[in-house]
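What's in coords-v7.txt: compact mmCIF, C-alpha atoms
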# COMPACT_ATOMS: atom_id res chain seq x y z
CA MET M 267 -114.29 41.05 121.67
CA THR M 268 -112.22 41.16 118.51
CA VAL M 269 -113.57 43.45 115.80
CA PHE M 270 -112.38 42.02 112.52
CA ASP M 271 -111.12 44.29 109.78
CA PRO M 272 -109.22 42.65 106.91
CA THR M 273 -107.03 45.72 106.56
CA SER M 274 -105.70 45.46 110.11
CA GLY M 275 -104.07 42.04 110.00
CA ASP M 276 -105.21 38.68 111.37
CA VAL M 277 -107.12 37.89 114.52
CA SER M 278 -105.45 34.58 115.29
CA GLY M 279 -104.69 35.49 118.89
CA PHE M 280 -106.49 32.51 120.41
CA PRO M 281 -104.31 30.10 122.38
CA PRO M 282 -103.63 26.82 120.52
CA ASP M 283 -105.02 24.70 123.36
CA HIS M 284 -107.10 22.36 121.18
CA GLU M 285 -106.27 20.32 118.12
CA HIS M 286 -109.55 21.27 116.44
CA ASP M 287 -111.53 24.48 116.34
CA VAL M 288 -114.86 25.44 114.85
CA LEU M 289 -116.21 28.85 113.91
CA LEU M 290 -119.84 29.29 115.01
CA ILE M 291 -121.00 31.99 112.59
CA ALA M 292 -124.27 33.85 113.27
CA GLY M 293 -125.81 36.57 111.12
CA SER M 294 -129.08 37.17 113.00
CA ARG M 295 -130.58 36.89 116.47
CA PRO M 296 -132.53 33.69 115.68
CA GLU M 297 -129.24 32.10 114.62
CA VAL M 298 -127.65 33.24 117.89
CA ALA M 299 -130.52 31.58 119.76
CA ARG M 300 -129.49 28.24 118.19
CA LEU M 301 -125.71 28.68 118.23
CA ALA M 302 -125.26 30.14 121.73
CA PRO M 303 -126.25 26.88 123.47
CA VAL M 304 -123.86 24.96 121.21
CA ALA M 305 -121.05 27.36 122.09
CA GLY M 306 -121.80 26.69 125.76
CA ALA M 307 -121.79 22.92 125.22
CA VAL M 308 -118.49 23.10 123.29
CA ALA M 309 -116.87 25.13 126.06
CA ALA M 310 -118.17 22.81 128.78
CA ALA M 311 -117.03 19.61 127.05
CA ASP M 312 -113.62 21.23 126.43
CA ARG M 313 -112.46 18.99 123.61
CA ILE M 314 -112.97 21.47 120.74
CA ARG M 315 -112.21 25.17 120.66
CA GLY M 316 -115.37 27.06 119.73
CA ILE M 317 -115.04 30.57 118.31
CA THR M 318 -118.23 32.64 118.08
CA VAL M 319 -118.50 35.06 115.16
CA ALA M 320 -121.09 37.85 114.98
CA THR M 321 -121.74 39.12 111.48
CA GLY M 322 -124.56 39.81 109.02
CA PRO M 323 -126.32 43.04 108.04
CA ASP M 324 -126.42 44.20 111.69
CA PRO M 325 -123.42 42.56 113.37
CA MET M 326 -123.64 44.54 116.60
CA SER M 327 -127.16 43.29 117.33
CA VAL M 328 -125.82 39.75 116.82
CA HIS M 329 -122.86 40.51 119.10
CA GLU M 330 -125.21 41.85 121.79
CA ALA M 331 -127.48 38.81 121.47
CA PHE M 332 -124.59 36.43 122.14
CA GLU M 333 -123.58 38.41 125.19
CA ALA M 334 -127.17 38.71 126.47
CA LEU M 335 -127.37 34.91 126.39
CA GLY M 336 -124.17 34.64 128.44
CA VAL M 337 -121.83 33.69 125.57
CA LEU M 338 -118.70 35.70 124.81
CA THR M 339 -118.59 37.06 121.27
CA ASP M 340 -115.08 36.21 120.13
CA ILE M 341 -115.09 38.00 116.77
CA THR M 342 -117.41 40.68 115.43
CA ILE M 343 -117.18 41.38 111.71
CA LEU M 344 -118.26 44.91 110.92
CA LEU M 345 -119.24 45.79 107.37
CA PRO M 346 -117.61 48.73 105.56
CA LEU M 347 -119.37 52.02 106.25
CA GLU M 348 -120.11 52.43 102.54
CA THR M 349 -122.00 49.13 102.32
CA GLY M 350 -125.43 49.67 100.77
CA PRO M 351 -128.68 48.29 102.20
CA GLY M 352 -129.38 45.81 99.42
CA MET M 353 -128.86 42.08 99.80
CA ALA M 354 -126.23 42.08 97.06
CA ASP M 355 -124.34 44.91 98.79
CA VAL M 356 -124.27 43.07 102.11
CA ALA M 357 -123.38 39.75 100.45
CA ALA M 358 -120.47 41.31 98.57
CA ALA M 359 -119.04 42.74 101.78
CA LEU M 360 -119.55 39.46 103.64
CA PHE M 361 -117.85 37.41 100.93
CA THR M 362 -114.56 39.29 101.22
CA ARG M 363 -114.56 39.65 105.00
CA LEU M 364 -115.60 36.09 105.81
CA ASP M 365 -113.12 34.72 103.30
CA GLN M 366 -110.32 36.68 104.92
CA LEU M 367 -111.46 35.50 108.34
CA LEU M 368 -111.15 31.88 107.20
CA VAL M 369 -107.65 32.54 105.87
CA ASP M 370 -106.56 34.09 109.17
CA GLN M 371 -108.25 31.55 111.46
CA ASP M 372 -107.83 28.41 109.31
CA PRO M 373 -110.51 26.58 111.34
CA SER M 374 -111.10 22.85 111.34
CA ALA M 375 -114.77 23.45 110.51
CA VAL M 376 -117.45 26.11 110.16
CA LEU M 377 -120.86 25.71 111.83
CA VAL M 378 -123.90 27.62 110.54
CA HIS M 379 -127.63 27.43 111.15
CA GLY M 380 -130.54 27.56 108.74
CA GLY M 381 -130.53 29.63 105.57
CA GLY M 382 -129.69 33.23 106.42
CA LEU M 383 -127.56 35.32 104.08
CA ALA M 384 -124.50 35.18 106.34
CA ALA M 385 -124.85 31.40 106.70
CA GLU M 386 -124.99 30.93 102.92
CA VAL M 387 -121.98 33.19 102.33
CA ALA M 388 -119.98 31.54 105.13
CA ALA M 389 -120.72 28.08 103.74
CA THR M 390 -119.72 29.13 100.24
CA VAL M 391 -116.35 30.62 101.21
CA ALA M 392 -115.66 27.66 103.51
CA PHE M 393 -116.33 25.32 100.59
CA TRP M 394 -113.96 27.31 98.39
CA ARG M 395 -111.32 26.96 101.11
CA ARG M 396 -112.11 23.23 101.50
CA ILE M 397 -113.08 23.71 105.12
CA PRO M 398 -115.78 21.27 106.35
CA ILE M 399 -119.21 22.78 106.92
CA VAL M 400 -121.57 21.68 109.69
CA HIS M 401 -125.15 22.67 108.88
CA MET M 402 -127.70 22.87 111.69
CA GLN M 403 -131.39 22.70 110.69
CA ALA M 404 -130.21 21.03 107.50
CA GLY M 405 -132.34 19.83 104.61
CA MET M 406 -135.43 21.36 103.05
CA GLY M 407 -137.68 23.27 105.41
CA THR M 408 -140.60 23.39 102.95
CA ASP M 409 -141.49 22.11 99.51
CA ASP M 410 -141.60 25.69 98.19
CA LEU M 411 -138.27 27.17 97.13
CA LEU M 412 -139.73 30.64 97.70
CA CYS M 413 -141.09 30.05 101.21
CA PRO M 414 -139.54 31.47 103.25
CA PHE M 415 -137.75 33.71 100.75
CA PRO M 416 -134.78 33.66 100.30
CA GLN M 417 -133.88 31.46 103.29
CA GLU M 418 -135.24 28.22 101.84
CA ALA M 419 -133.07 28.55 98.72
CA HIS M 420 -130.03 29.38 100.86
CA ARG M 421 -130.70 26.35 103.05
CA ARG M 422 -130.66 24.08 100.00
CA VAL M 423 -127.44 25.62 98.69
CA ILE M 424 -125.75 25.02 102.04
CA GLY M 425 -127.07 21.47 101.97
CA GLN M 426 -125.12 20.81 98.80
CA LEU M 427 -121.88 22.03 100.39
CA ALA M 428 -122.04 20.67 103.94
CA SER M 429 -120.13 17.70 105.36
CA LEU M 430 -122.27 17.13 108.47
CA PHE M 431 -126.04 17.63 108.59
CA LEU M 432 -127.73 18.24 111.95
CA THR M 433 -131.50 18.10 111.70
CA THR M 434 -134.25 19.08 114.11
CA SER M 435 -136.31 15.94 113.41
CA GLY M 436 -136.15 13.04 110.99
CA SER M 437 -133.89 12.84 107.98
CA ALA M 438 -132.62 15.87 106.12
CA LEU M 439 -134.81 16.14 103.04
CA GLY M 440 -132.76 17.04 100.00
CA SER M 441 -129.43 15.98 101.54
CA PRO M 442 -127.71 12.61 101.18
CA LEU M 443 -128.90 10.08 103.73
CA GLY M 444 -126.20 8.34 105.67
CA PRO M 445 -124.11 8.51 108.82
CA ASN M 446 -123.46 12.23 108.35
CA VAL M 447 -127.16 13.10 108.84
CA LEU M 448 -127.87 13.25 112.58
CA THR M 449 -131.01 14.30 114.43
CA ILE M 450 -130.23 16.53 117.39
CA GLY M 451 -133.48 18.49 117.90
CA ASP M 452 -133.78 22.28 118.04
CA THR M 453 -130.93 23.70 120.11
CA ILE M 454 -133.05 26.70 121.08
CA ASN M 455 -134.55 24.31 123.64
CA SER M 456 -131.15 24.24 125.35
CA LEU M 457 -131.32 27.96 126.15
CA PRO M 458 -131.96 28.92 129.78
CA GLY M 459 -135.59 29.60 130.54
CA PRO M 460 -137.10 33.07 131.02
CA ARG M 461 -136.03 35.11 134.02
CA HIS M 462 -139.10 37.30 134.44
CA GLN M 463 -141.61 35.56 136.69
CA GLY M 464 -144.52 36.87 134.65
CA CYS M 465 -143.11 35.20 131.52
CA VAL M 466 -142.52 31.98 133.48
CA ASP M 467 -146.10 31.97 134.72
CA ALA M 468 -147.57 32.79 131.29
CA LEU M 469 -145.67 29.93 129.63
CA GLU M 470 -146.71 27.52 132.37
CA ARG M 471 -150.38 28.44 131.92
CA MET M 472 -150.02 28.12 128.15
CA HIS M 473 -148.57 24.61 128.40
CA ASP M 474 -150.67 23.33 131.31
CA GLN M 475 -153.98 24.62 129.95
CA HIS M 476 -153.20 24.13 126.23
CA ARG M 477 -153.55 27.79 125.38
CA ARG M 478 -152.18 29.67 122.40
CA LEU M 479 -149.79 32.52 123.07
CA ILE M 480 -149.89 35.97 121.46
CA VAL M 481 -146.95 38.31 121.95
CA VAL M 482 -147.67 42.04 121.54
CA ASP M 483 -144.69 44.43 121.34
CA LEU M 484 -145.58 48.08 120.74
CA ALA M 485 -143.66 51.33 121.09
CA ARG M 486 -145.33 53.97 118.93
CA ALA M 487 -148.37 55.99 120.03
CA SER M 488 -149.91 55.36 116.61
CA SER M 489 -150.03 51.64 117.51
CA SER M 490 -152.40 52.18 120.47
CA PRO M 491 -155.49 50.95 118.52
CA VAL M 492 -153.94 47.49 118.72
CA LEU M 493 -154.41 47.52 122.49
CA ARG M 494 -158.11 48.29 122.09
CA GLY M 495 -158.44 45.16 119.97
CA ILE M 496 -156.75 42.95 122.57
CA ALA M 497 -159.80 43.01 124.87
CA ASP M 498 -161.98 41.78 122.00
CA LEU M 499 -159.57 38.92 121.29
CA LEU M 500 -159.55 37.87 124.94
CA GLU M 501 -163.35 37.70 124.94
CA ARG M 502 -163.58 35.91 121.58
CA TYR M 503 -160.84 33.37 122.31
CA PRO M 504 -161.00 32.07 125.90
CA ARG M 505 -157.95 29.84 125.35
CA ILE M 506 -155.36 32.47 124.47
CA GLU M 507 -152.61 33.93 126.62
CA ILE M 508 -151.13 37.37 125.88
CA VAL M 509 -147.72 38.77 126.81
CA LEU M 510 -147.38 42.52 126.25
CA PHE M 511 -143.98 44.20 125.74
CA GLY M 512 -142.70 47.59 124.66
CA ALA M 513 -142.95 51.26 125.55
CA LEU M 514 -146.76 51.25 125.36
CA ALA M 515 -146.78 48.59 128.08
CA ALA M 516 -146.18 51.38 130.61
CA GLY M 517 -149.30 53.26 129.50
CA GLU M 518 -152.72 53.29 131.12
CA ALA M 519 -154.37 51.12 128.44
CA ALA M 520 -151.76 48.38 128.76
CA GLN M 521 -151.81 48.49 132.56
CA SER M 522 -155.59 48.10 132.47
CA LEU M 523 -155.22 45.07 130.21
CA GLY M 524 -152.65 43.72 132.66
CA THR M 525 -155.36 43.18 135.26
CA HIS M 526 -156.83 40.42 133.09
CA PRO M 527 -155.81 36.94 134.31
CA ARG M 528 -154.61 35.95 130.83
CA VAL M 529 -152.49 39.05 130.17
CA THR M 530 -148.89 39.53 131.31
CA VAL M 531 -147.27 42.97 130.97
CA VAL M 532 -143.45 43.17 130.81
CA ALA M 533 -142.32 46.64 129.79
CA GLU M 534 -138.61 45.93 129.18
CA PRO M 535 -137.96 42.19 128.78
CA ALA M 536 -134.45 40.79 128.72
CA LEU M 537 -133.50 38.93 125.53
CA PRO M 538 -133.90 35.46 127.13
CA ASP M 539 -137.46 36.41 128.10
CA GLN M 540 -138.19 37.66 124.57
CA LEU M 541 -136.85 34.49 122.99
CA ALA M 542 -138.69 32.20 125.39
CA VAL M 543 -142.10 33.68 124.66
CA LEU M 544 -141.52 34.28 120.95
CA THR M 545 -140.52 30.69 120.28
CA ALA M 546 -143.69 29.51 122.05
CA ALA M 547 -146.03 32.06 120.45
CA THR M 548 -148.54 31.46 117.69
CA VAL M 549 -148.26 35.05 116.48
CA LEU M 550 -146.33 38.26 117.21
CA VAL M 551 -147.89 41.71 116.80
CA SER M 552 -145.29 44.47 116.78
CA ASP M 553 -144.30 47.83 115.34
CA ASP M 554 -140.60 46.91 115.78
CA HIS M 555 -139.42 45.91 112.31
CA GLU M 556 -136.29 44.20 113.65
CA LEU M 557 -138.29 41.96 115.99
CA VAL M 558 -140.80 41.16 113.25
CA VAL M 559 -137.98 40.11 110.92
CA ASP M 560 -136.63 37.80 113.65
CA ALA M 561 -139.97 36.10 114.30
CA PRO M 562 -140.13 33.71 111.29
CA GLY M 563 -136.66 32.43 112.18
CA LEU M 564 -138.10 31.47 115.56
CA GLY M 565 -141.07 29.73 113.92
CA THR M 566 -143.61 32.45 114.70
CA LEU M 567 -145.97 34.30 112.36
CA ALA M 568 -145.72 38.06 112.66
CA VAL M 569 -148.00 41.04 112.11
CA LEU M 570 -146.06 44.23 111.39
CA VAL M 571 -148.15 47.17 112.56
CA ASP M 572 -148.23 50.14 110.17
CA GLY M 573 -145.37 48.69 108.14
CA PRO M 574 -144.97 48.92 104.38
CA ASN M 575 -147.46 46.48 102.90
CA VAL M 576 -145.12 44.70 100.51
CA PRO M 577 -146.32 41.14 99.81
CA GLN M 578 -143.62 38.49 99.73
CA PRO M 579 -143.79 34.97 98.25
CA GLY M 580 -144.89 32.59 100.98
CA ASP M 581 -145.14 35.60 103.29
CA SER M 582 -144.93 34.77 107.01
CA ILE M 583 -145.02 38.48 107.86
CA ARG M 584 -148.30 40.36 107.47
CA SER M 585 -148.16 44.14 107.27
CA ILE M 586 -151.30 45.82 108.56
CA ALA M 587 -152.69 49.11 109.86
CA ALA M 588 -152.99 49.36 113.64
CA HIS M 589 -156.80 49.33 113.70
CA ASP M 590 -156.85 46.11 111.63
CA ALA M 591 -154.24 44.22 113.68
CA ALA M 592 -156.73 42.37 115.90
CA ALA M 593 -158.61 41.11 112.83
CA ALA M 594 -155.32 39.87 111.35
CA VAL M 595 -154.54 38.00 114.57
CA ALA M 596 -158.03 36.49 114.58
CA GLN M 597 -157.44 35.26 111.04
CA VAL M 598 -154.25 33.53 112.18
CA LEU M 599 -155.95 31.99 115.20
CA ASP M 600 -158.90 30.74 113.16
CA GLY M 601 -156.52 28.91 110.83
CA ASP M 602 -154.36 27.49 113.60
CA HIS M 603 -155.13 24.82 116.16
CA GLY M 604 -152.29 25.68 118.49
CA ARG M 605 -148.59 25.14 118.17
CA ARG M 606 -147.30 21.84 119.41
CA ALA M 607 -143.81 22.30 120.77
CA ALA M 608 -141.38 19.57 119.78
CA ALA M 609 -140.45 17.24 122.59
CA SER M 610 -137.24 18.34 124.29
CA ASP M 611 -134.97 16.72 126.85
CA GLY M 612 -132.49 19.61 127.05
CA PHE M 613 -129.70 17.66 125.33
CA GLU M 614 -129.93 19.32 121.90
CA ALA M 615 -126.79 21.44 122.26
CA ALA M 616 -124.84 18.53 123.75
CA ARG M 617 -125.88 16.40 120.77
CA ALA M 618 -124.52 19.05 118.41
CA GLU M 619 -121.19 19.13 120.25
CA GLN M 620 -121.03 15.33 120.27
CA ALA M 621 -121.65 15.19 116.52
CA VAL M 622 -118.87 17.68 115.77
CA ALA M 623 -116.47 15.87 118.12
CA TRP M 624 -117.29 12.63 116.27
CA MET M 625 -116.59 14.30 112.93
CA PHE M 626 -113.14 15.22 114.25
CA GLY M 627 -112.55 11.66 115.49
CA LEU M 628 -112.62 12.65 119.16
CA THR M 629 -115.28 10.11 120.12
CA ARG M 630 -116.38 6.71 118.86
CA SER M 631 -120.06 7.54 118.42
CA PRO M 632 -121.95 10.53 117.02
CA GLN M 633 -124.69 9.85 119.58
CA LEU M 634 -124.71 10.68 123.28
CA PRO M 635 -124.48 7.62 125.55
CA ASP M 636 -127.88 6.14 126.42
CA ASP M 637 -127.17 6.24 130.15
CA LEU M 638 -126.52 9.99 129.96
CA VAL M 639 -129.66 10.81 127.98
CA GLY M 640 -131.76 8.50 130.14
CA GLY M 641 -130.60 10.25 133.27
CA GLY M 642 -132.62 13.39 132.70
CA ARG M 643 -131.53 16.94 132.05
CA HIS M 644 -127.81 17.51 132.18
CA SER M 645 -125.14 20.10 132.54
CA PRO M 646 -123.51 20.84 129.17
CA GLY M 647 -120.18 19.34 130.20
CA GLU M 648 -121.57 15.90 130.90
CA VAL M 649 -120.75 14.38 127.53
CA GLU M 650 -118.68 11.43 126.43
CA SER M 651 -115.05 12.46 126.10
CA ASP M 652 -113.13 9.33 125.16
CA SER M 653 -110.15 9.93 122.94
CA GLU M 654 -110.45 6.94 120.65
CA GLU M 655 -110.74 8.00 117.06
CA SER M 656 -113.71 6.92 115.01
CA SER M 657 -113.02 5.12 111.77
CA GLU M 658 -116.36 6.45 110.48
CA ALA M 659 -115.52 10.14 110.81
Can the structure in the file be given as structure tokens, please?
Amino acid sequence: MTVFDPTSGDVSGFPPDHEHDVLLIAGSRPEVARLAPVAGAVAAADRIRGITVATGPDPMSVHEAFEALGVLTDITILLPLETGPGMADVAAALFTRLDQLLVDQDPSAVLVHGGGLAAEVAATVAFWRRIPIVHMQAGMGTDDLLCPFPQEAHRRVIGQLASLFLTTSGSALGSPLGPNVLTIGDTINSLPGPRHQGCVDALERMHDQHRRLIVVDLARASSSPVLRGIADLLERYPRIEIVLFGALAAGEAAQSLGTHPRVTVVAEPALPDQLAVLTAATVLVSDDHELVVDAPGLGTLAVLVDGPNVPQPGDSIRSIAAHDAAAAVAQVLDGDHGRRAAASDGFEAARAEQAVAWMFGLTRSPQLPDDLVGGGRHSPGEVESDSEESSEA
């Protein structure tokens, strides 16, 4: 790991073994979940040098997320100790440190995902330095500029600055249509599956029997009333599956719930297990603020137990007292007919790598060869690697 500090000189100690390099900049764990598979695909194809950068308000959690998903964190950008908690404070620190990083690295491109604060700052400084920006999950996510807030506004700003737009499905609304808008799918589908057998089994039952998944993550004793409401939910909704995490999972109440055929108890899940169930869940119930903040970025509604009840525009996070949590979950379930996971063939990360290689003129087509995609799931290195330059790039 290289910890980046602008006062200590550059961090350009990477061997010049590729003509082109790209900085994969993540500022949150949901962004890591999308960028880590791309980093793996870039390394496997071995025609671009990928450099992973952990940053954002909590850069060490981002660093640890990369490593937990089996991807080396090349650079971790720590914020000054005096940085305040406000968004403007964090943004100000990121502007100077990310700008200096771009000066020292001089990358061929910067790749960001979505509309997080770090992604917006990275795209802005890259634009100022005239460095091409690749934007994953490009275009408008919703018609409401304030939902989610402020990510939707950031996403649109990045869309005005980017050179290559990689969308999850269809065209990128709000961005120019043309050859630089490519559909790759959601790269989170290229992550390895869960390791814990209980999580594997719960997800299989959810998919095979068309159930909705509820993830419950609780650590504080004051959150125990939530567990008492779980039994009522299981009786009221016969087509739900529940995965229970956290310190309270070791307690008697949780262990009793674990005897139910639709409840899986995992006291200390690894990050891949957390991500696998969260991305499939209809709703998360948790007293862990950090996990609740991550949930909307993974497409999951969240109920924050005993959190500060501060309404937000287009709020995807509900803050509720512990004894009311089950009712809040029931409200979500009554208004939802079950998440329908987007179709995935496991090639999403390889498509992202192919698109960036095409932008650099390393391959004739921005699309993976039909015979490769038609052959089923692949290893990340099985991508087209011809050296003919594209006149379209």
(message) Report as JSON, numbers by chain all protein, DNA and RNA residues lying within 7 Å of M:Leu484, evaluated on only C-alpha atoms, omitting residues in the same chain fewer than 2 positions from it.
(response) {"M": [482, 486, 489, 511, 512, 513, 514, 552, 553]}
(message) When you look at M:Arg528 with a cut-off of 9 Å (counting all atoms listed in the file), what residues show up, excluding the ones that are within fewer than 5 positions of it in the same chain? I need them as a ChimeraX atom specification.
(response) /M:468,471,500,504-509
(message) Need the shell around M:Ala536: protein/DNA/RNA residues with any atom at most 10 Å away, counting only C-alpha atoms. Skip same-chain ones fewer than 4 positions apart. Format as a list in words?
(response)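 In the requested format, the answer is Ala334, Leu335, Pro460, Arg461, His462, Val532, Gln540 and Leu541 of chain M.
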(request) For a cut-off of 12 Å around (-148.9, 52.8, 125.5), file coordinates, pick out all residues using all atoms listed in the file and list them as a PyMOL selection string. (result) chain M and resi 482-494+510-523+531+533
(request) May I ask which of the residues M:Glu470, M:Asp636, M:Asp560, M:Asp602 is the closest one to M:Ser327, counting all atoms listed in the file? (result)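 Distance minimum relative to M:Ser327 lands on M:Asp560.
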(request) Calculate how many Å separate atom CA of M:Gln366 from atom CA of M:Ile343, rounding to one decimal. (result)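 Here the two named atoms are 10.7 Å from each other.
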(message) Given the point (-134.5, 23.9, 114.6) in the file's coordinates, find the residues that have an atom at most 6 Å from it, counting only C-alpha atoms, and give them as a PyMOL selection string.
(response) chain M and resi 403+434+452
(request) Identify, on the basis of only C-alpha atoms, every residue whose closest approach to M:Ala404 does not exceed 7 Å; exclude the query and any residue fewer than 4 positions from it along the same chain; express the result as a ChimeraX atom specification. (result) /M:380,421,425,431-433,438
(message) One decimal, in Å: what's the spacing between atom CA of M:Ala561 and atom CA of M:His420?
(response)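 These atoms are spaced 18.0 Å apart.
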(request) Would you mind reading off the distance between atom CA of M:Asp572 and atom CA of M:Ile586, one decimal, in Å? (result)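 Computed distance, atom CA of M:Asp572 to atom CA of M:Ile586, equals 5.5 Å.
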Can you build me a table of stretch 287-333 of chain M residues sitting at most 9 Å from stretch 351-360 of chain M, with the closest atom pair per residue and its distance in Å to one decimal, using only C-alpha atoms, sorted by chain and residue number, as a Markdown table?
| residue | atom | partner | partner_atom | distance |
| --- | --- | --- | --- | --- |
| M:Thr321 | CA | M:Leu360 | CA | 8.1 |
| M:Gly322 | CA | M:Leu360 | CA | 7.4 |
| M:Pro323 | CA | M:Val356 | CA | 6.3 |
(request) Identify, on the basis of only C-alpha atoms, every residue whose closest approach to M:Gln620 does not exceed 10 Å; exclude the query and any residue fewer than 2 positions from it along the same chain; express the result as an MDAnalysis selection string. (result) chainID M and resid 307:308 311 313 450 614:618 622:626 628:635 649:651
(request) Kindly indicate which residue among M:Thr545, M:Ser435, M:Ser374, M:Gln463 lies nearest to M:Leu564, using all atoms listed in the file for the distances. (result) M:Thr545
(request) For each of M:Ala299, M:Leu289, M:Leu377, M:Leu411, take the minimum atom-to-atom distance to M:Asp340, counting all atoms listed in the file, then give the residue where this is smallest. (result)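 Of M:Ala299, M:Leu289, M:Leu377, M:Leu411, the one nearest M:Asp340 is M:Leu289, counting all atoms listed in the file.
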(request) Counting all atoms listed in the file, figure out which residue out of M:Ser610, M:Thr342, M:Ser294, M:Gln417 gets nearest to M:Asn455. (result) M:Ser610
(request) Would you mind telling me which residue in M:Ala587, M:Val369, M:Ala375, M:Leu344 lies nearest to M:Ile314 when using all atoms listed in the file? (result)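 Of M:Ala587, M:Val369, M:Ala375, M:Leu344, the one nearest M:Ile314 is M:Ala375, counting all atoms listed in the file.
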